[in-house]
>>> print(open('coords-v2.txt').read())   # compact mmCIF, C-alpha atoms
# COMPACT_ATOMS: atom_id res chain seq x y z
CA MET A 21 133.74 85.54 118.19
CA VAL A 22 130.82 86.65 120.30
CA GLY A 23 131.50 89.04 123.15
CA GLU A 24 129.56 89.57 126.34
CA ARG A 25 125.91 90.39 126.28
CA THR A 26 125.27 94.01 127.06
CA PRO A 27 122.60 94.96 129.57
CA GLY A 28 119.57 96.82 128.40
CA ARG A 29 115.81 96.90 128.05
CA ARG A 30 114.34 93.70 126.71
CA SER A 31 112.98 93.63 123.20
CA THR A 32 109.21 93.90 122.91
CA ALA A 33 109.03 92.43 119.41
CA PRO A 34 106.31 89.73 119.35
CA GLY A 35 107.53 86.21 119.91
CA ILE A 36 111.14 87.21 120.53
CA THR A 37 112.96 87.64 123.83
CA ASP A 38 116.34 89.23 124.34
CA GLY A 39 117.96 85.86 124.78
CA ILE A 40 119.89 87.15 127.81
CA GLY A 41 120.89 84.16 129.90
CA GLU A 42 120.44 81.67 127.06
CA GLU A 43 123.54 79.62 126.29
CA LEU A 44 124.88 80.06 122.79
CA PRO A 45 125.97 76.88 121.00
CA SER A 46 129.69 76.44 120.45
CA THR A 47 129.21 75.77 116.73
CA ALA A 48 126.69 76.56 114.02
CA ASP A 49 126.33 76.11 110.29
CA LEU A 50 125.44 79.79 109.91
CA VAL A 51 125.87 82.79 112.19
CA VAL A 52 123.74 85.74 111.17
CA ILE A 53 124.93 89.09 112.49
CA GLY A 54 121.97 91.43 112.70
CA ALA A 55 118.36 90.75 113.70
CA GLY A 56 116.74 93.06 111.18
CA VAL A 57 114.48 91.92 108.38
CA VAL A 58 117.36 90.81 106.13
CA GLY A 59 119.02 88.79 108.87
CA ALA A 60 115.69 87.36 109.95
CA ALA A 61 114.87 86.24 106.41
CA ALA A 62 118.31 84.66 106.04
CA ALA A 63 117.83 82.83 109.33
CA TRP A 64 114.39 81.54 108.35
CA PHE A 65 115.36 80.20 104.95
CA ALA A 66 118.58 78.68 106.33
CA ALA A 67 116.69 76.98 109.16
CA LEU A 68 114.10 75.80 106.64
CA ALA A 69 116.94 74.19 104.68
CA GLY A 70 118.01 72.30 107.79
CA LEU A 71 121.01 74.40 108.83
CA ARG A 72 121.91 75.07 112.47
CA VAL A 73 121.48 78.84 112.73
CA VAL A 74 122.48 81.42 115.33
CA VAL A 75 121.35 85.05 115.06
CA VAL A 76 123.08 87.71 117.15
CA ASP A 77 122.48 91.44 117.40
CA ARG A 78 124.07 94.02 119.69
CA GLY A 79 120.67 95.68 120.04
CA ALA A 80 117.05 94.58 119.83
CA VAL A 81 115.16 92.82 117.06
CA ALA A 82 114.59 95.34 114.23
CA GLY A 83 116.35 97.94 116.35
CA GLY A 84 118.22 99.51 113.44
CA THR A 85 117.28 100.24 109.84
CA SER A 86 114.38 97.78 109.80
CA GLY A 87 112.68 99.64 112.64
CA ALA A 88 112.90 102.92 110.72
CA GLY A 89 111.89 101.64 107.28
CA GLU A 90 108.55 101.89 105.51
CA GLY A 91 108.54 98.30 104.32
CA ASN A 92 107.91 99.18 100.68
CA VAL A 93 108.40 96.42 98.11
CA LEU A 94 108.41 98.49 94.94
CA VAL A 95 109.08 97.85 91.27
CA SER A 96 107.61 101.17 90.14
CA ASP A 97 110.66 103.26 91.02
CA LYS A 98 113.30 100.96 89.52
CA GLU A 99 115.10 101.40 86.21
CA PRO A 100 115.72 98.17 84.27
CA GLY A 101 118.84 96.50 85.59
CA PRO A 102 120.07 94.65 88.67
CA GLU A 103 118.02 96.74 91.14
CA LEU A 104 114.77 96.04 89.30
CA GLU A 105 115.64 92.34 89.01
CA LEU A 106 116.24 92.21 92.76
CA ALA A 107 112.95 94.01 93.44
CA GLN A 108 111.06 91.56 91.22
CA TYR A 109 112.68 88.62 92.98
CA SER A 110 111.88 90.16 96.37
CA ARG A 111 108.26 90.65 95.33
CA ARG A 112 107.99 86.97 94.38
CA VAL A 113 109.52 85.88 97.69
CA TRP A 114 107.16 87.99 99.79
CA GLY A 115 104.12 87.09 97.73
CA GLU A 116 104.81 83.42 97.01
CA ASP A 117 107.53 81.82 99.16
CA LEU A 118 106.33 83.69 102.25
CA GLY A 119 102.75 84.16 101.09
CA ALA A 120 101.27 81.78 103.66
CA TYR A 121 102.61 83.97 106.47
CA GLY A 122 101.78 87.35 104.95
CA GLY A 123 99.10 88.10 107.52
CA LEU A 124 101.68 88.03 110.30
CA TRP A 125 103.54 91.04 108.93
CA GLU A 126 100.64 92.80 107.21
CA PHE A 127 101.73 92.06 103.67
CA GLU A 128 99.57 94.21 101.42
CA SER A 129 99.62 93.95 97.64
CA LYS A 130 98.13 97.39 97.25
CA GLY A 131 99.80 98.59 94.07
CA GLY A 132 101.41 101.94 93.37
CA LEU A 133 100.38 104.96 91.36
CA VAL A 134 103.00 107.21 89.76
CA VAL A 135 101.65 110.57 88.62
CA ALA A 136 102.94 112.91 85.92
CA SER A 137 101.97 116.55 86.34
CA THR A 138 102.87 117.67 82.80
CA PRO A 139 102.72 116.16 79.29
CA THR A 140 106.53 116.15 79.19
CA ALA A 141 106.72 114.21 82.44
CA LEU A 142 104.05 111.84 81.17
CA GLY A 143 106.12 111.12 78.08
CA ALA A 144 109.14 110.25 80.23
CA LEU A 145 106.94 108.04 82.42
CA ARG A 146 105.64 106.20 79.37
CA THR A 147 109.17 105.57 78.16
CA LEU A 148 110.20 104.15 81.51
CA ALA A 149 107.04 102.04 81.70
CA GLU A 150 107.75 100.55 78.27
CA ARG A 151 111.27 99.57 79.36
CA GLN A 152 109.98 98.11 82.62
CA ARG A 153 107.21 96.22 80.82
CA ALA A 154 109.84 94.60 78.60
CA CYS A 155 111.41 93.26 81.81
CA GLY A 156 108.18 91.69 82.99
CA VAL A 157 106.76 94.50 85.14
CA ASP A 158 102.99 94.91 85.08
CA VAL A 159 102.39 98.59 84.19
CA ARG A 160 99.06 100.11 83.22
CA GLU A 161 98.79 103.59 81.77
CA VAL A 162 96.25 105.84 83.46
CA SER A 163 94.77 108.89 81.79
CA GLY A 164 94.37 112.21 83.55
CA ALA A 165 90.61 111.65 83.74
CA GLU A 166 91.08 108.22 85.35
CA LEU A 167 93.51 109.43 88.01
CA HIS A 168 90.85 111.07 90.15
CA ALA A 169 88.88 107.82 90.39
CA LEU A 170 91.98 106.04 91.74
CA GLU A 171 93.01 108.85 94.07
CA PRO A 172 90.26 111.43 94.72
CA ARG A 173 92.61 113.90 96.41
CA LEU A 174 94.82 114.29 93.34
CA THR A 175 94.59 117.50 91.37
CA ARG A 176 92.49 117.22 88.24
CA GLU A 177 95.21 119.06 86.35
CA ALA A 178 97.61 116.09 86.32
CA ALA A 179 98.47 114.86 82.83
CA GLY A 180 98.25 111.15 83.61
CA GLY A 181 100.11 108.38 85.33
CA ALA A 182 101.03 104.73 85.55
CA LEU A 183 99.57 102.07 87.82
CA TYR A 184 101.86 99.34 89.15
CA PRO A 185 99.74 96.49 90.60
CA GLN A 186 102.84 94.61 91.78
CA ASP A 187 103.91 97.25 94.30
CA ALA A 188 103.40 96.04 97.86
CA GLN A 189 104.22 96.80 101.48
CA VAL A 190 105.01 94.91 104.68
CA GLN A 191 105.40 95.99 108.30
CA PRO A 192 109.18 95.50 108.68
CA MET A 193 109.33 95.20 112.47
CA LEU A 194 106.65 92.53 112.43
CA ALA A 195 108.38 90.79 109.53
CA ALA A 196 111.70 90.60 111.38
CA ALA A 197 110.09 89.44 114.63
CA HIS A 198 107.90 86.76 113.10
CA LEU A 199 110.56 85.43 110.72
CA LEU A 200 112.84 84.96 113.72
CA ARG A 201 110.04 83.31 115.67
CA LEU A 202 109.47 80.90 112.78
CA ALA A 203 113.22 80.23 112.56
CA ARG A 204 113.35 79.49 116.29
CA ARG A 205 110.62 76.91 115.84
CA ARG A 206 113.06 75.11 113.54
CA GLY A 207 115.88 75.27 116.04
CA ALA A 208 117.52 78.63 115.39
CA VAL A 209 119.00 80.47 118.36
CA VAL A 210 118.36 84.22 118.59
CA ALA A 211 120.49 86.29 120.97
CA THR A 212 119.95 90.03 121.17
CA ARG A 213 122.00 92.47 123.27
CA THR A 214 124.93 90.33 122.13
CA GLU A 215 127.85 91.95 120.34
CA VAL A 216 130.21 90.30 117.89
CA VAL A 217 133.74 91.50 118.63
CA GLY A 218 135.80 89.41 116.21
CA PHE A 219 136.19 86.21 114.23
CA LEU A 220 138.20 83.06 114.89
CA ARG A 221 139.63 80.75 112.27
CA PRO A 222 138.94 76.98 112.58
CA GLY A 223 142.51 76.50 113.84
CA GLY A 224 142.00 79.00 116.62
CA GLY A 225 143.72 82.04 115.14
CA ARG A 226 142.23 85.38 114.28
CA PRO A 227 142.09 86.69 110.69
CA GLY A 228 144.84 89.22 110.14
CA GLY A 229 146.95 87.91 113.01
>>> encode(input="coords-v2.txt", output="structure tokens")
Amino acid sequence: MVGERTPGRRSTAPGITDGIGEELPSTADLVVIGAGVVGAAAAWFAALAGLRVVVVDRGAVAGGTSGAGEGNVLVSDKEPGPELELAQYSRRVWGEDLGAYGGLWEFESKGGLVVASTPTALGALRTLAERQRACGVDVREVSGAELHALEPRLTREAAGGALYPQDAQVQPMLAAAHLLRLARRRGAVVATRTEVVGFLRPGGGRPGG
């Protein structure tokens, strides 16, 4: 159940208005609560699949966590397991499924460099890299002498490191705004400054009474 829209400054995210004054549809196939990058991506892919989508947020587009994030898409810092699998899937989505739109949100496949300051730390890094490599991560060992060529400001005393070409970054506020803009082109409705205050069952009753 959607409550009243709250007054406030209009969102300045590109391509997205606050939606104040727009009439929300009475039904939808999917209601996305939250206009951050996760909600925006859900809205885009759902609209792409032909669903009738409504996105609501009590604040502005990317006004929460997405507006404070760095937009890193990293595999380098993940131990083998569900988190790494999710990061690998995310990397494929940003690079392939959304690759044609990457310029809109400054997608940059710039890679990541993890540095070990001591031989002991380098040994631990090698062990992790071997485990990640077995899971399909592209990891390249870098000697101490090679580090300076990759990052001139690094100390020459570092023992070595690992280069992760798959690490990438996006601008999360742009990603949220443009994904919602693309979803709107396919019929999605985006209403910011709109708070969800409860849920109604199909028969008209509220969950829990």
>>> closest_residue(input="coords-v2.txt", among="A:Thr138, A:Ser46, A:Thr212, A:Gln186", to="A:Arg153", atoms="all atoms listed in the file")
A:Gln186
>>> residues_around(input="coords-v2.txt", residues="stretch 191-201 of chain A", least_positions_apart="6", cutoff="8 Å", atoms="all atoms listed in the file", output="list of chain:residue names")
A:Ala33, A:Pro34, A:Gly35, A:Ile36, A:Ala55, A:Gly56, A:Val57, A:Val58, A:Gly59, A:Ala60, A:Ala61, A:Ala63, A:Trp64, A:Val81, A:Ala82, A:Ser86, A:Gly87, A:Gly89, A:Glu90, A:Gly91, A:Leu124, A:Trp125, A:Glu126, A:Phe127, A:Val210
>>> atom_distance(input="coords-v2.txt", atom1="atom CA of A:Ala141", atom2="atom CA of A:Ser110")
28.3 Å
>>> closest_residue(input="coords-v2.txt", among="A:Val76, A:Ala144, A:Ala188, A:Cys155", to="A:Leu104", atoms="all atoms listed in the file")
A:Cys155
>>> residues_around(input="coords-v2.txt", residues="A:Val73", least_positions_apart="4", cutoff="9 Å", atoms="all atoms listed in the file", output="PyMOL selection string")
chain A and resi 48-52+63-64+66-67+203-204+207-210
>>> write_last_selection(input="coords-v2.txt", atoms="C-alpha atoms", output="PDB file, in the frame of the given file")
ATOM      1  CA  ALA A  48     126.690  76.560 114.020  1.00  0.00           C
ATOM      2  CA  ASP A  49     126.330  76.110 110.290  1.00  0.00           C
ATOM      3  CA  LEU A  50     125.440  79.790 109.910  1.00  0.00           C
ATOM      4  CA  VAL A  51     125.870  82.790 112.190  1.00  0.00           C
ATOM      5  CA  VAL A  52     123.740  85.740 111.170  1.00  0.00           C
ATOM      6  CA  ALA A  63     117.830  82.830 109.330  1.00  0.00           C
ATOM      7  CA  TRP A  64     114.390  81.540 108.350  1.00  0.00           C
ATOM      8  CA  ALA A  66     118.580  78.680 106.330  1.00  0.00           C
ATOM      9  CA  ALA A  67     116.690  76.980 109.160  1.00  0.00           C
ATOM     10  CA  ALA A 203     113.220  80.230 112.560  1.00  0.00           C
ATOM     11  CA  ARG A 204     113.350  79.490 116.290  1.00  0.00           C
ATOM     12  CA  GLY A 207     115.880  75.270 116.040  1.00  0.00           C
ATOM     13  CA  ALA A 208     117.520  78.630 115.390  1.00  0.00           C
ATOM     14  CA  VAL A 209     119.000  80.470 118.360  1.00  0.00           C
ATOM     15  CA  VAL A 210     118.360  84.220 118.590  1.00  0.00           C
TER      16      VAL A 210
END
>>> atom_distance(input="coords-v2.txt", atom1="atom CA of A:Thr175", atom2="atom CA of A:Gly143")
18.7 Å
>>> atom_distance(input="coords-v2.txt", atom1="atom CA of A:Ala179", atom2="atom CA of A:Ala165")
8.5 Å
>>> residues_around(input="coords-v2.txt", residues="A:Val134", least_positions_apart="4", cutoff="9 Å", atoms="all atoms listed in the file", output="ChimeraX atom specification")
/A:96-97,145,180-184
>>> decode(input="coords-v2.txt", residues="stretch 191-206 of chain A", atoms="all heavy atoms", output="mmCIF file, in the first residue's frame")
data_model
loop_
_atom_site.group_PDB
_atom_site.id
_atom_site.type_symbol
_atom_site.label_atom_id
_atom_site.label_comp_id
_atom_site.auth_asym_id
_atom_site.auth_seq_id
_atom_site.Cartn_x
_atom_site.Cartn_y
_atom_site.Cartn_z
ATOM 1 N N GLN A 191 29.754 4.350 -11.837
ATOM 2 C CA GLN A 191 29.292 5.484 -11.046
ATOM 3 C C GLN A 191 27.868 5.142 -10.601
ATOM 4 O O GLN A 191 26.943 5.157 -11.408
ATOM 5 C CB GLN A 191 29.308 6.767 -11.885
ATOM 6 C CG GLN A 191 29.619 8.036 -11.134
ATOM 7 C CD GLN A 191 28.534 8.411 -10.122
ATOM 8 O OE1 GLN A 191 27.452 7.878 -10.094
ATOM 9 N NE2 GLN A 191 28.850 9.377 -9.278
ATOM 10 N N PRO A 192 27.664 4.800 -9.313
ATOM 11 C CA PRO A 192 26.376 4.231 -8.902
ATOM 12 C C PRO A 192 25.176 5.162 -9.050
ATOM 13 O O PRO A 192 24.073 4.709 -9.356
ATOM 14 C CB PRO A 192 26.608 3.848 -7.435
ATOM 15 C CG PRO A 192 27.779 4.666 -6.993
ATOM 16 C CD PRO A 192 28.629 4.842 -8.206
ATOM 17 N N MET A 193 25.356 6.451 -8.835
ATOM 18 C CA MET A 193 24.227 7.366 -8.980
ATOM 19 C C MET A 193 23.783 7.451 -10.438
ATOM 20 O O MET A 193 22.591 7.460 -10.747
ATOM 21 C CB MET A 193 24.586 8.751 -8.440
ATOM 22 C CG MET A 193 24.834 8.773 -6.939
ATOM 23 S SD MET A 193 25.139 10.432 -6.300
ATOM 24 C CE MET A 193 23.502 11.147 -6.442
ATOM 25 N N LEU A 194 24.763 7.493 -11.342
ATOM 26 C CA LEU A 194 24.432 7.498 -12.763
ATOM 27 C C LEU A 194 23.788 6.176 -13.165
ATOM 28 O O LEU A 194 22.845 6.151 -13.962
ATOM 29 C CB LEU A 194 25.684 7.737 -13.601
ATOM 30 C CG LEU A 194 26.278 9.145 -13.597
ATOM 31 C CD1 LEU A 194 27.571 9.181 -14.400
ATOM 32 C CD2 LEU A 194 25.283 10.152 -14.159
ATOM 33 N N ALA A 195 24.296 5.076 -12.618
ATOM 34 C CA ALA A 195 23.740 3.764 -12.955
ATOM 35 C C ALA A 195 22.276 3.679 -12.554
ATOM 36 O O ALA A 195 21.425 3.243 -13.339
ATOM 37 C CB ALA A 195 24.548 2.666 -12.274
ATOM 38 N N ALA A 196 21.953 4.097 -11.341
ATOM 39 C CA ALA A 196 20.564 4.058 -10.883
ATOM 40 C C ALA A 196 19.680 4.946 -11.748
ATOM 41 O O ALA A 196 18.601 4.536 -12.191
ATOM 42 C CB ALA A 196 20.487 4.487 -9.417
ATOM 43 N N ALA A 197 20.138 6.164 -12.008
ATOM 44 C CA ALA A 197 19.328 7.116 -12.768
ATOM 45 C C ALA A 197 19.073 6.629 -14.194
ATOM 46 O O ALA A 197 17.940 6.671 -14.689
ATOM 47 C CB ALA A 197 20.012 8.479 -12.791
ATOM 48 N N HIS A 198 20.108 6.158 -14.853
ATOM 49 C CA HIS A 198 19.946 5.760 -16.249
ATOM 50 C C HIS A 198 19.210 4.431 -16.396
ATOM 51 O O HIS A 198 18.456 4.245 -17.359
ATOM 52 C CB HIS A 198 21.306 5.703 -16.937
ATOM 53 C CG HIS A 198 21.850 7.052 -17.293
ATOM 54 N ND1 HIS A 198 21.247 7.854 -18.240
ATOM 55 C CD2 HIS A 198 22.911 7.753 -16.826
ATOM 56 C CE1 HIS A 198 21.925 8.985 -18.349
ATOM 57 N NE2 HIS A 198 22.932 8.946 -17.502
ATOM 58 N N LEU A 199 19.405 3.507 -15.470
ATOM 59 C CA LEU A 199 18.635 2.265 -15.523
ATOM 60 C C LEU A 199 17.148 2.546 -15.360
ATOM 61 O O LEU A 199 16.307 1.944 -16.040
ATOM 62 C CB LEU A 199 19.120 1.295 -14.439
ATOM 63 C CG LEU A 199 20.421 0.554 -14.743
ATOM 64 C CD1 LEU A 199 20.948 -0.127 -13.478
ATOM 65 C CD2 LEU A 199 20.219 -0.475 -15.848
ATOM 66 N N LEU A 200 16.804 3.480 -14.483
ATOM 67 C CA LEU A 200 15.403 3.849 -14.323
ATOM 68 C C LEU A 200 14.878 4.567 -15.566
ATOM 69 O O LEU A 200 13.730 4.372 -15.973
ATOM 70 C CB LEU A 200 15.230 4.729 -13.087
ATOM 71 C CG LEU A 200 15.398 4.012 -11.747
ATOM 72 C CD1 LEU A 200 15.351 5.005 -10.598
ATOM 73 C CD2 LEU A 200 14.324 2.941 -11.561
ATOM 74 N N ARG A 201 15.712 5.400 -16.151
ATOM 75 C CA ARG A 201 15.296 6.078 -17.388
ATOM 76 C C ARG A 201 15.019 5.056 -18.489
ATOM 77 O O ARG A 201 14.024 5.151 -19.215
ATOM 78 C CB ARG A 201 16.383 7.057 -17.829
ATOM 79 C CG ARG A 201 16.034 7.805 -19.115
ATOM 80 C CD ARG A 201 17.091 8.841 -19.440
ATOM 81 N NE ARG A 201 18.403 8.253 -19.626
ATOM 82 C CZ ARG A 201 18.809 7.669 -20.748
ATOM 83 N NH1 ARG A 201 17.993 7.587 -21.794
ATOM 84 N NH2 ARG A 201 20.016 7.157 -20.839
ATOM 85 N N LEU A 202 15.897 4.064 -18.609
ATOM 86 C CA LEU A 202 15.692 3.017 -19.607
ATOM 87 C C LEU A 202 14.432 2.214 -19.312
ATOM 88 O O LEU A 202 13.680 1.841 -20.219
ATOM 89 C CB LEU A 202 16.910 2.094 -19.649
ATOM 90 C CG LEU A 202 18.213 2.711 -20.177
ATOM 91 C CD1 LEU A 202 19.392 1.785 -19.903
ATOM 92 C CD2 LEU A 202 18.103 3.004 -21.669
ATOM 93 N N ALA A 203 14.197 1.936 -18.021
ATOM 94 C CA ALA A 203 12.993 1.189 -17.633
ATOM 95 C C ALA A 203 11.742 1.993 -17.955
ATOM 96 O O ALA A 203 10.724 1.434 -18.410
ATOM 97 C CB ALA A 203 13.040 0.854 -16.146
ATOM 98 N N ARG A 204 11.792 3.298 -17.755
ATOM 99 C CA ARG A 204 10.630 4.142 -18.058
ATOM 100 C C ARG A 204 10.315 4.131 -19.547
ATOM 101 O O ARG A 204 9.153 4.211 -19.949
ATOM 102 C CB ARG A 204 10.885 5.573 -17.575
ATOM 103 C CG ARG A 204 10.842 5.729 -16.074
ATOM 104 C CD ARG A 204 11.087 7.155 -15.644
ATOM 105 N NE ARG A 204 9.944 8.006 -15.932
ATOM 106 C CZ ARG A 204 9.923 9.317 -15.679
ATOM 107 N NH1 ARG A 204 10.987 9.908 -15.149
ATOM 108 N NH2 ARG A 204 8.854 10.021 -15.957
ATOM 109 N N ARG A 205 11.354 4.032 -20.359
ATOM 110 C CA ARG A 205 11.118 3.958 -21.801
ATOM 111 C C ARG A 205 10.325 2.714 -22.169
ATOM 112 O O ARG A 205 9.666 2.677 -23.216
ATOM 113 C CB ARG A 205 12.455 3.948 -22.550
ATOM 114 C CG ARG A 205 13.167 5.288 -22.564
ATOM 115 C CD ARG A 205 14.436 5.190 -23.377
ATOM 116 N NE ARG A 205 15.127 6.463 -23.495
ATOM 117 C CZ ARG A 205 16.279 6.635 -24.137
ATOM 118 N NH1 ARG A 205 16.874 5.590 -24.726
ATOM 119 N NH2 ARG A 205 16.846 7.821 -24.209
ATOM 120 N N ARG A 206 10.392 1.704 -21.315
ATOM 121 C CA ARG A 206 9.645 0.462 -21.565
ATOM 122 C C ARG A 206 8.374 0.404 -20.725
ATOM 123 O O ARG A 206 7.797 -0.671 -20.538
ATOM 124 C CB ARG A 206 10.534 -0.751 -21.297
ATOM 125 C CG ARG A 206 11.598 -0.931 -22.372
ATOM 126 C CD ARG A 206 12.383 -2.213 -22.197
ATOM 127 N NE ARG A 206 13.187 -2.479 -23.379
ATOM 128 C CZ ARG A 206 12.823 -3.225 -24.402
ATOM 129 N NH1 ARG A 206 11.631 -3.815 -24.386
ATOM 130 N NH2 ARG A 206 13.612 -3.425 -25.442
#
